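Peer 1: I'm passing along final-v3.txt; it holds compact mmCIF, C-alpha atoms.
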# COMPACT_ATOMS: atom_id res chain seq x y z
CA MET A 1 -57.30 -25.11 26.76
CA LYS A 2 -53.85 -26.47 27.40
CA LEU A 3 -51.97 -25.84 30.58
CA LYS A 4 -48.23 -25.94 30.32
CA SER A 5 -46.13 -26.29 33.41
CA SER A 6 -42.38 -25.64 33.08
CA GLN A 7 -41.59 -26.53 36.68
CA THR A 8 -38.49 -28.67 36.57
CA VAL A 9 -36.87 -30.36 39.51
CA ALA A 10 -33.22 -30.97 38.91
CA GLY A 11 -31.26 -33.58 40.85
CA PHE A 12 -27.80 -35.11 41.03
CA THR A 13 -26.82 -38.59 40.28
CA LEU A 14 -24.89 -40.61 42.82
CA THR A 15 -21.74 -40.37 40.70
CA GLU A 16 -21.97 -36.60 40.57
CA MET A 17 -22.41 -36.44 44.31
CA LEU A 18 -19.41 -38.70 44.97
CA VAL A 19 -17.18 -36.69 42.66
CA SER A 20 -18.29 -33.35 44.06
CA VAL A 21 -17.93 -34.46 47.68
CA SER A 22 -14.49 -35.87 46.98
CA LEU A 23 -13.34 -32.68 45.30
CA SER A 24 -14.81 -30.55 48.04
CA SER A 25 -13.06 -32.62 50.68
CA ILE A 26 -9.73 -32.29 48.93
CA ILE A 27 -10.14 -28.54 48.49
CA LEU A 28 -11.23 -28.11 52.11
CA ALA A 29 -8.36 -30.21 53.40
CA ALA A 30 -5.92 -28.22 51.30
CA ALA A 31 -7.37 -24.95 52.54
CA ILE A 32 -7.17 -26.04 56.17
CA THR A 33 -3.62 -27.32 55.72
CA CYS A 34 -2.59 -24.07 54.06
CA GLY A 35 -4.22 -22.06 56.80
CA VAL A 36 -2.52 -24.00 59.57
CA SER A 37 0.82 -23.84 57.77
CA LEU A 38 0.51 -20.13 57.19
CA GLN A 39 -0.33 -19.57 60.83
CA LYS A 40 2.66 -21.65 61.92
CA SER A 41 4.92 -19.82 59.50
CA PHE A 42 3.66 -16.46 60.67
CA ASN A 43 4.21 -17.40 64.29
CA ALA A 44 7.69 -18.68 63.51
CA VAL A 45 8.68 -15.59 61.57
CA ASP A 46 7.10 -13.32 64.15
CA ASN A 47 8.99 -15.08 66.91
CA TYR A 48 12.22 -15.09 64.89
CA PHE A 49 12.16 -11.34 64.36
CA THR A 50 11.11 -10.65 67.91
CA THR A 51 14.15 -12.60 69.11
CA HIS A 52 16.29 -10.94 66.46
CA MET A 53 15.27 -7.56 67.83
CA GLN A 54 16.40 -8.71 71.24
CA GLN A 55 19.73 -9.77 69.73
CA ILE A 56 20.19 -6.24 68.42
CA ARG A 57 19.24 -4.77 71.78
CA ILE A 58 21.81 -6.90 73.60
CA ILE A 59 24.50 -5.74 71.17
CA ASP A 60 23.44 -2.10 71.48
CA TYR A 61 23.47 -2.24 75.26
CA LEU A 62 26.81 -4.03 75.44
CA ASN A 63 28.54 -1.82 72.88
CA ARG A 64 27.34 1.34 74.55
CA ASP A 65 28.81 0.23 77.86
CA VAL A 66 32.05 -1.04 76.34
CA LYS A 67 32.64 2.23 74.49
CA ARG A 68 32.31 4.29 77.64
CA GLY A 69 33.95 1.70 79.88
CA LEU A 70 37.33 1.72 81.61
CA ILE A 71 37.92 -2.02 81.67
CA VAL A 72 36.07 -5.08 80.44
CA THR A 73 36.46 -8.60 81.80
CA THR A 74 34.72 -11.70 80.51
CA SER A 75 34.25 -15.00 82.30
CA VAL A 76 35.80 -18.26 81.16
CA ASP A 77 32.56 -19.42 79.53
CA LEU A 78 32.32 -15.99 77.81
CA GLN A 79 28.75 -15.55 79.03
CA THR A 80 29.33 -13.10 81.86
CA VAL A 81 30.80 -9.69 81.15
CA THR A 82 31.91 -7.33 83.89
CA MET A 83 32.96 -3.77 83.23
CA SER A 84 33.67 -0.54 85.04
CA ILE A 85 32.18 2.62 83.66
CA PRO A 86 32.60 6.21 84.85
CA ASN A 87 29.67 7.81 86.62
CA TYR A 88 29.04 10.29 83.81
CA ILE A 89 25.51 11.07 84.89
CA ILE A 90 24.41 12.40 88.26
CA LYS A 91 21.93 9.98 89.82
CA THR A 92 19.45 10.29 92.62
CA GLY A 93 21.28 10.04 95.95
CA ASP A 94 24.58 11.40 94.65
CA THR A 95 26.11 14.29 96.56
CA GLU A 96 25.37 16.74 93.77
CA ALA A 97 21.77 15.54 93.53
CA VAL A 98 21.20 15.95 97.25
CA ALA A 99 22.40 19.54 97.00
CA ASN A 100 20.39 20.25 93.86
CA PRO A 101 17.78 17.67 92.77
CA ASP A 102 17.50 19.34 89.35
CA LEU A 103 20.93 17.96 88.49
CA VAL A 104 19.67 14.37 88.38
CA GLY A 105 20.26 13.04 84.88
CA THR A 106 22.74 15.73 83.92
CA PRO A 107 26.44 15.17 83.13
CA ARG A 108 28.95 15.37 85.96
CA THR A 109 31.96 17.70 85.76
CA PRO A 110 35.10 15.57 85.70
CA ALA A 111 38.24 16.04 87.78
CA VAL A 112 41.72 15.78 86.25
CA SER A 113 44.66 14.41 88.19
CA TYR A 114 48.13 13.14 87.45
CA THR A 115 48.81 9.55 88.49
CA ALA A 116 51.60 7.03 88.08
CA ASN A 117 49.94 6.02 84.81
CA GLY A 118 49.74 9.56 83.50
CA TRP A 119 46.85 11.97 83.37
CA GLN A 120 43.55 10.60 84.51
CA VAL A 121 40.03 11.98 84.15
CA ASP A 122 37.60 10.92 86.86
CA TYR A 123 33.87 11.39 86.90
CA GLY A 124 33.25 11.25 90.62
CA PRO A 125 35.24 9.39 93.26
CA SER A 126 34.06 5.93 92.18
CA THR A 127 33.05 4.01 89.09
CA ALA A 128 29.94 2.00 88.35
CA THR A 129 30.13 -1.77 87.92
CA VAL A 130 28.03 -3.26 85.16
CA VAL A 131 27.57 -7.01 84.77
CA TYR A 132 25.91 -8.80 81.86
CA SER A 133 24.78 -12.34 82.62
CA ILE A 134 22.36 -15.06 81.60
CA ASN A 135 19.58 -16.18 83.91
CA GLY A 136 17.41 -18.91 82.37
CA ASN A 137 15.76 -17.45 79.30
CA SER A 138 16.71 -13.90 80.19
CA ILE A 139 19.75 -11.71 79.65
CA LEU A 140 20.36 -9.45 82.62
CA ARG A 141 22.22 -6.18 82.98
CA THR A 142 23.14 -5.34 86.55
CA GLU A 143 24.46 -1.86 87.32
CA ASN A 144 25.60 -1.38 90.91
CA GLY A 145 23.21 -4.14 92.01
CA VAL A 146 20.20 -2.86 90.08
CA VAL A 147 19.01 -5.62 87.73
CA THR A 148 17.41 -4.91 84.37
CA THR A 149 16.18 -7.65 82.06
CA ILE A 150 17.28 -6.48 78.64
CA ALA A 151 16.16 -9.55 76.67
CA SER A 152 14.00 -12.57 77.28
CA SER A 153 13.10 -15.34 74.89
CA THR A 154 12.37 -19.04 74.85
CA ASP A 155 14.68 -19.25 71.87
CA GLN A 156 17.69 -19.66 74.16
CA LEU A 157 19.53 -16.42 73.47
CA VAL A 158 23.24 -16.88 74.16
CA PRO A 159 25.63 -13.94 74.05
CA ALA A 160 29.35 -14.73 74.05
CA THR A 161 31.90 -11.96 74.57
CA THR A 162 35.68 -12.05 74.36
CA ASP A 163 37.78 -9.17 75.65
CA VAL A 164 41.16 -8.48 74.08
CA GLU A 165 43.58 -6.18 75.91
CA LEU A 166 45.94 -3.98 73.93
CA SER A 167 48.68 -1.66 75.14
CA ASN A 168 46.38 1.00 76.54
CA THR A 169 43.00 0.04 75.23
CA GLU A 170 40.83 -2.98 74.91
CA TYR A 171 38.10 -4.28 72.67
CA ALA A 172 35.26 -6.70 73.14
CA LYS A 173 34.04 -9.07 70.46
CA THR A 174 30.50 -10.26 70.95
CA SER A 175 28.30 -12.76 69.17
CA VAL A 176 24.69 -13.43 70.04
CA THR A 177 22.91 -16.55 68.81
CA PHE A 178 19.55 -18.16 69.41
CA MET A 179 17.69 -21.32 68.46
CA PRO A 180 14.61 -20.59 66.32
CA ILE A 181 11.52 -22.45 67.51
CA PHE A 182 10.60 -23.80 64.10
CA THR A 183 13.87 -25.62 63.66
CA LEU A 184 13.00 -29.30 63.50
CA SER A 185 16.41 -30.84 63.93
CA GLY A 186 17.73 -28.50 66.61
CA SER A 187 21.15 -28.77 65.04
CA GLN A 188 24.04 -26.48 65.87
CA ALA A 189 23.87 -25.13 62.33
CA SER A 190 20.44 -23.71 63.08
CA ARG A 191 21.90 -21.72 65.96
CA THR A 192 25.00 -20.66 64.04
CA GLY A 193 22.83 -19.29 61.27
CA THR A 194 21.34 -16.70 63.62
CA SER A 195 24.70 -15.28 64.75
CA LEU A 196 25.00 -11.54 65.14
CA PHE A 197 28.53 -10.17 65.61
CA ALA A 198 29.85 -6.89 66.97
CA THR A 199 33.15 -5.40 68.10
CA ALA A 200 33.50 -2.34 70.30
CA TYR A 201 36.62 -0.56 71.59
CA LEU A 202 37.07 1.29 74.83
CA ARG A 203 37.09 5.01 74.17
CA ASN A 204 38.78 5.70 77.46
CA LYS A 205 42.29 4.69 78.35
CA ARG A 206 42.12 1.22 79.84
CA ARG A 207 42.69 1.03 83.57
CA GLY A 208 43.86 -2.04 85.41
CA MET B 1 -54.87 -19.49 27.25
CA GLN B 2 -51.40 -20.65 28.21
CA THR B 3 -50.09 -20.18 31.73
CA SER B 4 -46.39 -20.46 32.38
CA THR B 5 -45.06 -20.99 35.88
CA ARG B 6 -41.28 -20.51 36.40
CA LEU B 7 -39.58 -21.16 39.67
CA SER B 8 -36.56 -18.90 40.11
CA GLU B 9 -33.87 -19.92 42.61
CA ARG B 10 -31.35 -17.10 43.17
CA GLY B 11 -28.53 -17.22 45.71
CA ASN B 12 -26.80 -14.47 47.68
CA VAL B 13 -23.59 -14.63 45.72
CA LEU B 14 -22.78 -10.95 46.15
CA LEU B 15 -23.11 -11.17 49.92
CA CYS B 16 -20.83 -14.20 50.05
CA VAL B 17 -18.22 -12.47 47.94
CA LEU B 18 -18.30 -9.34 50.08
CA CYS B 19 -17.98 -11.39 53.26
CA THR B 20 -15.06 -13.29 51.81
CA ILE B 21 -13.35 -10.06 50.78
CA LEU B 22 -13.94 -8.64 54.24
CA VAL B 23 -12.46 -11.67 55.98
CA VAL B 24 -9.45 -11.75 53.65
CA SER B 25 -8.97 -7.99 54.08
CA VAL B 26 -9.03 -8.29 57.86
CA ILE B 27 -6.45 -11.06 57.73
CA GLY B 28 -4.31 -9.10 55.27
CA GLY B 29 -4.61 -5.94 57.34
CA ASN B 30 -3.58 -7.77 60.46
CA VAL B 31 -0.55 -9.23 58.73
CA LEU B 32 0.41 -5.81 57.36
CA LEU B 33 -0.01 -4.22 60.79
CA ASN B 34 2.26 -6.82 62.34
CA CYS B 35 4.77 -6.43 59.54
CA MET B 36 4.79 -2.65 59.89
CA THR B 37 5.32 -2.89 63.63
CA ARG B 38 8.26 -5.23 63.17
CA TYR B 39 9.62 -3.15 60.32
CA ASN B 40 9.42 0.04 62.35
CA ALA B 41 11.25 -1.56 65.24
CA ALA B 42 13.79 -3.52 63.21
CA SER B 43 14.60 -0.90 60.61
CA SER B 44 13.47 2.64 61.31
CA GLN B 45 14.01 2.75 65.04
CA VAL B 46 17.32 0.89 65.11
CA ARG B 47 18.61 2.96 62.22
CA SER B 48 17.59 6.22 63.85
CA TRP B 49 19.16 5.10 67.12
CA LYS B 50 22.49 4.53 65.38
CA GLU B 51 22.19 7.63 63.20
CA SER B 52 21.63 9.81 66.23
CA LEU B 53 24.89 8.57 67.75
CA ASP B 54 26.61 9.25 64.46
CA ALA B 55 25.16 12.77 64.49
CA ALA B 56 26.36 13.34 68.04
CA GLU B 57 29.85 12.18 67.12
CA THR B 58 29.80 14.45 64.09
CA GLY B 59 29.06 17.32 66.43
CA GLY B 60 32.09 16.23 68.43
CA ASP B 61 34.25 16.30 65.31
CA ILE B 62 33.05 19.79 64.43
CA ALA B 63 33.76 21.06 67.93
CA TYR B 64 37.13 19.34 68.14
CA ALA B 65 38.19 21.03 64.91
CA GLU B 66 37.56 24.37 66.59
CA VAL B 67 39.50 23.32 69.67
CA ARG B 68 42.45 22.39 67.47
CA LYS B 69 42.33 25.85 65.90
CA LYS B 70 42.93 27.24 69.37
CA VAL B 71 46.48 25.94 68.97
CA LEU B 72 47.07 26.04 65.22
CA ASP B 73 44.92 28.92 64.00
CA ARG B 74 43.86 31.03 66.92
CA THR B 75 42.33 33.89 64.92
CA HIS B 76 39.76 31.61 63.35
CA ALA B 77 38.98 29.44 66.36
CA PHE B 78 35.27 29.34 67.18
CA ASN B 79 34.38 31.89 64.53
CA GLY B 80 30.60 32.01 64.23
CA TRP B 81 30.05 30.32 67.58
CA ASN B 82 28.27 31.93 70.49
CA TYR B 83 30.24 32.58 73.65
CA SER B 84 28.53 33.06 76.99
CA GLY B 85 29.60 32.28 80.52
CA GLY B 86 32.82 30.64 79.40
CA ILE B 87 30.95 28.25 77.10
CA TYR B 88 31.12 28.16 73.34
CA SER B 89 28.03 26.87 71.56
CA ASN B 90 27.19 26.55 67.91
CA SER B 91 23.94 26.68 66.01
CA GLN B 92 22.31 23.43 65.02
CA VAL B 93 24.06 21.83 62.06
CA ILE B 94 21.76 19.87 59.73
CA TYR B 95 23.22 17.43 57.25
CA GLY B 96 22.46 14.32 55.24
CA GLN B 97 19.44 13.18 53.29
CA ASP B 98 17.63 12.25 56.48
CA ASN B 99 18.25 15.72 57.95
CA LEU B 100 20.34 14.61 60.88
CA SER B 101 21.11 17.48 63.23
CA THR B 102 23.76 18.14 65.81
CA SER B 103 24.92 20.89 68.12
CA ALA B 104 27.76 21.21 70.60
CA THR B 105 29.02 23.18 73.56
CA VAL B 106 32.68 23.58 74.46
CA ASP B 107 34.21 24.88 77.66
CA ALA B 108 37.63 24.80 79.29
CA PHE B 109 36.84 22.97 82.49
CA HIS B 110 40.38 22.48 83.75
CA TYR B 111 43.80 24.10 83.46
CA ASP B 112 46.89 22.06 84.18
CA SER B 113 49.95 23.31 86.04
CA ASN B 114 51.37 24.79 82.84
CA GLY B 115 48.20 26.75 82.20
CA ASN B 116 47.10 24.57 79.32
CA PRO B 117 43.31 24.27 79.05
CA TRP B 118 41.46 20.96 79.00
CA TYR B 119 38.32 21.25 76.91
CA ARG B 120 35.07 19.48 77.51
CA ILE B 121 32.94 18.95 74.42
CA ARG B 122 29.31 18.06 74.89
CA THR B 123 27.26 17.29 71.84
CA LYS B 124 23.85 15.99 71.04
CA GLY B 125 22.72 14.41 67.82
CA THR B 126 19.18 14.00 66.58
CA ALA B 127 17.89 11.69 63.89
CA PRO B 128 14.31 11.50 62.62
CA VAL B 129 12.39 8.25 62.93
CA LEU B 130 10.68 7.57 59.64
CA GLY B 131 7.12 6.28 59.61
CA LEU B 132 3.95 7.00 61.48
CA LYS B 133 3.78 8.08 65.08
CA ARG B 134 1.71 5.02 65.97
CA VAL B 135 4.17 2.21 66.00
CA GLY B 136 2.68 -0.30 68.44
CA MET B 137 5.68 -0.25 70.72
CA ASP B 138 5.79 -2.59 73.69
CA ASP B 139 7.39 -0.96 76.71
CA ARG B 140 7.37 -4.05 78.92
CA MET B 141 10.05 -6.70 79.08
CA GLY B 142 9.32 -10.39 79.59
CA LEU B 143 8.82 -13.66 77.81
CA ASN B 144 5.78 -12.41 75.91
CA ASN B 145 6.76 -8.75 75.76
CA ARG B 146 9.17 -7.07 73.46
CA GLY B 147 10.51 -4.16 75.49
CA ASP B 148 10.92 -1.97 72.40
CA SER B 149 11.58 1.25 74.33
CA LEU B 150 13.81 -0.31 76.97
CA LEU B 151 16.96 1.11 75.44
CA ARG B 152 15.87 3.24 72.53
CA LYS B 153 13.98 6.30 73.73
CA ILE B 154 11.98 7.75 70.88
CA ASP B 155 10.26 11.13 70.92
CA PHE B 156 6.85 11.08 69.27
CA ASN B 157 5.21 14.28 70.40
CA TYR B 158 7.67 16.20 72.59
CA ASP B 159 11.44 16.51 72.73
CA HIS B 160 12.15 14.50 75.88
CA PHE B 161 15.78 15.63 75.91
CA VAL B 162 14.89 19.30 76.29
CA ALA B 163 12.08 18.46 78.70
CA THR B 164 14.33 16.31 80.93
CA TYR B 165 17.80 17.83 80.66
CA GLY B 166 17.36 21.22 79.00
CA PRO B 167 18.53 22.18 75.51
CA ASN B 168 22.21 21.88 76.44
CA GLY B 169 21.84 18.86 78.69
CA ASP B 170 22.89 20.82 81.76
CA GLY B 171 19.55 20.82 83.55
CA LEU B 172 18.83 24.45 82.70
CA ASN B 173 15.92 25.89 80.71
CA LYS B 174 13.88 22.70 80.63
CA ALA B 175 10.80 23.09 78.45
CA LEU B 176 8.11 21.05 76.77
CA VAL B 177 8.94 21.51 73.10
CA PRO B 178 6.61 19.88 70.53
CA ILE B 179 8.28 18.14 67.61
CA SER B 180 7.03 17.88 64.07
CA ARG B 181 7.93 14.25 63.58
CA PRO B 182 9.30 11.34 65.63
CA GLN B 183 12.98 11.54 66.48
CA VAL B 184 15.77 10.07 68.56
CA THR B 185 18.31 12.21 70.41
CA ARG B 186 21.57 10.98 71.93
CA ARG B 187 24.43 12.81 73.55
CA VAL B 188 28.14 12.25 73.95
CA GLU B 189 30.87 13.98 75.90
CA LEU B 190 34.52 14.00 75.04
CA ILE B 191 37.57 15.54 76.64
CA ALA B 192 40.26 17.25 74.60
CA ALA B 193 43.47 17.09 76.62
CA PRO B 194 46.56 19.20 75.80
CA MET B 195 49.55 17.20 74.64
CA THR B 196 53.05 18.67 74.71
CA PRO B 197 55.10 17.96 71.60
CA PHE B 198 58.02 17.11 73.85
CA GLU B 199 57.82 13.82 75.62
CA ALA B 200 60.72 14.77 77.87
CA ALA B 201 63.52 17.37 78.07
CA ILE B 202 66.18 14.73 77.46
CA LYS B 203 65.57 11.26 76.18
CA ALA B 204 68.08 8.47 75.51
CA GLY B 205 67.18 5.97 72.87
CA GLY B 206 69.63 3.37 74.16
CA THR B 207 72.55 3.28 76.55
CA PHE B 208 73.75 6.72 77.59
CA TYR B 209 77.41 7.35 78.36
CA GLY B 210 77.84 10.45 80.41
CA LEU B 211 80.95 12.60 80.45
CA GLY B 212 81.59 12.13 84.11
CA SER B 213 81.73 14.77 86.83
CA ALA B 214 83.15 17.33 84.43
CA ALA B 215 79.91 17.46 82.49
CA TYR B 216 76.57 18.86 83.45
CA ILE B 217 73.13 18.95 81.96
CA ASP B 218 71.30 22.19 82.29
CA SER B 219 68.16 23.78 81.01
CA PHE B 220 66.98 27.33 80.75
CA ARG B 221 63.81 29.28 80.37
CA SER B 222 64.01 30.85 76.94
CA SER B 223 61.37 33.45 77.78
CA THR B 224 63.84 35.21 80.06
CA GLY B 225 66.54 35.65 77.45
CA PRO B 226 69.48 33.66 76.11
CA TYR B 227 71.15 30.92 78.05
CA ASP B 228 73.46 32.06 80.82
CA ALA B 229 75.80 29.36 82.07
CA SER B 230 76.68 31.38 85.16
CA VAL B 231 73.30 30.83 86.76
CA ARG B 232 73.29 27.07 86.57
CA ASN B 233 74.36 26.69 90.18
CA ASN B 234 72.36 29.62 91.50
CA PRO B 235 69.28 28.31 93.36
CA SER B 236 67.83 31.80 93.61
CA ASP B 237 67.57 32.02 89.84
CA PRO B 238 66.66 28.50 88.73
CA ARG B 239 66.05 29.28 85.15
Could you rewrite the structure in this file as structure tokens?
Peer 2:
Amino acid sequence: MKLKSSQTVAGFTLTEMLVSVSLSSIILAAAITCGVSLQKSFNAVDNYFTTHMQQIRIIDYLNRDVKRGLIVTTSVDLQTVTMSIPNYIIKTGDTEAVANPDLVGTPRTPAVSYTANGWQVDYGPSTATVVYSINGNSILRTENGVVTTIASSTDQLVPATTDVELSNTEYAKTSVTFMPIFTLSGSQASRTGTSLFATAYLRNKRRG
Amino acid sequence: MQTSTRLSERGNVLLCVLCTILVVSVIGGNVLLNCMTRYNAASSQVRSWKESLDAAETGGDIAYAEVRKKVLDRTHAFNGWNYSGGIYSNSQVIYGQDNLSTSATVDAFHYDSNGNPWYRIRTKGTAPVLGLKRVGMDDRMGLNNRGDSLLRKIDFNYDHFVATYGPNGDGLNKALVPISRPQVTRRVELIAAPMTPFEAAIKAGGTFYGLGSAAYIDSFRSSTGPYDASVRNNPSDPR
């Protein structure tokens, strides 16, 4: 009787081990590097578009107020914009709202009068004052003292607005830039490349 | 007799592959979710926000055309519009591939000293927001928050405009009206003021040389008949 055992025990030589460990290390290092890079890229792109969305919001806010405004004034450094807008909407505390609270949020009936500058349409006896300004990393919109943060980013959002007066109207040119976080050099070109431009005209006759 | 012993070493390859696919799928899904959220905010919502203003202004154009007919083509002015309580209103107008919709109300809110009406045109425009109702919007504003709905108010389940201001934006007939798909509604108001074709009764383009005391400048009201020079100095008949 002959017993045959086919049990084989395979092993690796030292050379095989060195080669395999080296290759594994390279592949692992590449995978980790790729993973970290992808994560950084994702964060950068995510942050870029989040800030870009805030750029658009600043423009939308500003243009909406300019279009319905009566006069727009910008500061010397172009970073503070002050405008007067009619009180189109009845707010809480207004005379009409005290008489009938259901009118809050509804349009106000205007009054027409003839002045030295011609016919004038007034929504209420006074106008609202809206100021756009920068406070640290935030862009603020202040309407009659009530502050709203309309954008906030560590990417240094900077809106710059220029108002140009015409014979009986006015327009405001605005650009909003920011500095993306993944920019290594921090050069001015990096900021310029993010510029978003807009121009809006008053739709009311300019006053003042 | 021959006995054969074979050691079999089998790994869990299938399990490893499934786990890898799961991990990669979770990562991919997360990336897609983030991308969709950004896409919805950056494209669909911003576009709908601007389209709704365009729709509202279109409603203003439609209404203004009717106001102009009041002067130029009175018989056809506001044909097909509803008239109730001194207010004209039209049915919803739907246009464009995205089915933008607009409606308007017009009323004469003021008459000047010559009896000419000043019209107030109130319109609202609605644009659909493409995509799913779940958009992962961030309502807060701050360094780590996006404040997506700070400016752009989007209706997902109910028409907030009708619920808050009523269908005509005048605070009347407020109701909770379900909507079939997400939408944005904006409103505008414009004033149509009467303009006389005559800037003034008499206008000098440059220097004016009068004829002295022998001359006079008079006017007359044509609705009372032809000009009568004899009444020019009669204060009781200042036509």
Peer 1: Mind giving me the straight-line distance from atom CA of Thr177 of chain A to atom CA of Ser84 of chain A in Å, one decimal?
Peer 2: 25.2 Å
Peer 1: Distance cut-off 9 Å, counting all atoms listed in the file - which residues of chain A neighbour chain B? Return them as a PyMOL selection string.
Peer 2: chain A and resi 1-8+42+46+49-54+56-57+60-61+88+102-107+109-113+121+137-138+149-154
Peer 1: Just give me the gap between atom CA of Ala160 of chain A and atom CA of Val176 of chain A in Å, one decimal is fine.
Peer 2: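 Going from atom CA of Ala160 of chain A over to atom CA of Val176 of chain A, I get 6.3 Å.
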Peer 1: With only C-alpha atoms as the atoms that count, which of B:Leu33, B:Leu130, B:Ala63, B:Val71 lies nearest to Thr105 of chain B?
Peer 2: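 Going through B:Leu33, B:Leu130, B:Ala63, B:Val71 one by one, the smallest distance to Thr105 of chain B is for B:Ala63.
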Peer 1: What is the distance between atom CA of Pro159 of chain A and atom CA of Ala200 of chain A, in Å to one decimal?
Peer 2: 14.5 Å
Peer 1: Would you fill out segment 70-82 of chain A with N, CA and C atoms and return it as a PDB file, in the coordinates of the input?
Peer 2:
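As a result, selection-v8.pdb now contains:
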ATOM      1  N   LEU A  70      35.914   1.582  81.259  1.00  0.00           N
ATOM      2  CA  LEU A  70      37.330   1.720  81.610  1.00  0.00           C
ATOM      3  C   LEU A  70      38.054   0.392  81.543  1.00  0.00           C
ATOM      4  N   ILE A  71      37.344  -0.685  81.766  1.00  0.00           N
ATOM      5  CA  ILE A  71      37.920  -2.020  81.670  1.00  0.00           C
ATOM      6  C   ILE A  71      36.795  -3.029  81.504  1.00  0.00           C
ATOM      7  N   VAL A  72      37.075  -4.046  80.718  1.00  0.00           N
ATOM      8  CA  VAL A  72      36.070  -5.080  80.440  1.00  0.00           C
ATOM      9  C   VAL A  72      36.695  -6.437  80.747  1.00  0.00           C
ATOM     10  N   THR A  73      35.977  -7.255  81.470  1.00  0.00           N
ATOM     11  CA  THR A  73      36.460  -8.600  81.800  1.00  0.00           C
ATOM     12  C   THR A  73      35.359  -9.610  81.499  1.00  0.00           C
ATOM     13  N   THR A  74      35.720 -10.668  80.800  1.00  0.00           N
ATOM     14  CA  THR A  74      34.720 -11.700  80.510  1.00  0.00           C
ATOM     15  C   THR A  74      35.061 -12.970  81.269  1.00  0.00           C
ATOM     16  N   SER A  75      34.049 -13.750  81.567  1.00  0.00           N
ATOM     17  CA  SER A  75      34.250 -15.000  82.300  1.00  0.00           C
ATOM     18  C   SER A  75      34.814 -16.067  81.364  1.00  0.00           C
ATOM     19  N   VAL A  76      35.201 -17.185  81.947  1.00  0.00           N
ATOM     20  CA  VAL A  76      35.800 -18.260  81.160  1.00  0.00           C
ATOM     21  C   VAL A  76      34.810 -18.795  80.120  1.00  0.00           C
ATOM     22  N   ASP A  77      33.547 -18.902  80.496  1.00  0.00           N
ATOM     23  CA  ASP A  77      32.560 -19.420  79.530  1.00  0.00           C
ATOM     24  C   ASP A  77      32.046 -18.329  78.590  1.00  0.00           C
ATOM     25  N   LEU A  78      32.604 -17.133  78.697  1.00  0.00           N
ATOM     26  CA  LEU A  78      32.320 -15.990  77.810  1.00  0.00           C
ATOM     27  C   LEU A  78      30.893 -15.461  77.953  1.00  0.00           C
ATOM     28  N   GLN A  79      30.168 -15.924  78.951  1.00  0.00           N
ATOM     29  CA  GLN A  79      28.750 -15.550  79.030  1.00  0.00           C
ATOM     30  C   GLN A  79      28.473 -14.518  80.126  1.00  0.00           C
ATOM     31  N   THR A  80      29.490 -14.158  80.876  1.00  0.00           N
ATOM     32  CA  THR A  80      29.330 -13.100  81.860  1.00  0.00           C
ATOM     33  C   THR A  80      30.373 -12.017  81.595  1.00  0.00           C
ATOM     34  N   VAL A  81      29.914 -10.809  81.444  1.00  0.00           N
ATOM     35  CA  VAL A  81      30.800  -9.690  81.150  1.00  0.00           C
ATOM     36  C   VAL A  81      30.715  -8.676  82.278  1.00  0.00           C
ATOM     37  N   THR A  82      31.870  -8.322  82.813  1.00  0.00           N
ATOM     38  CA  THR A  82      31.910  -7.330  83.890  1.00  0.00           C
ATOM     39  C   THR A  82      32.724  -6.139  83.422  1.00  0.00           C
TER      40      THR A  82
END
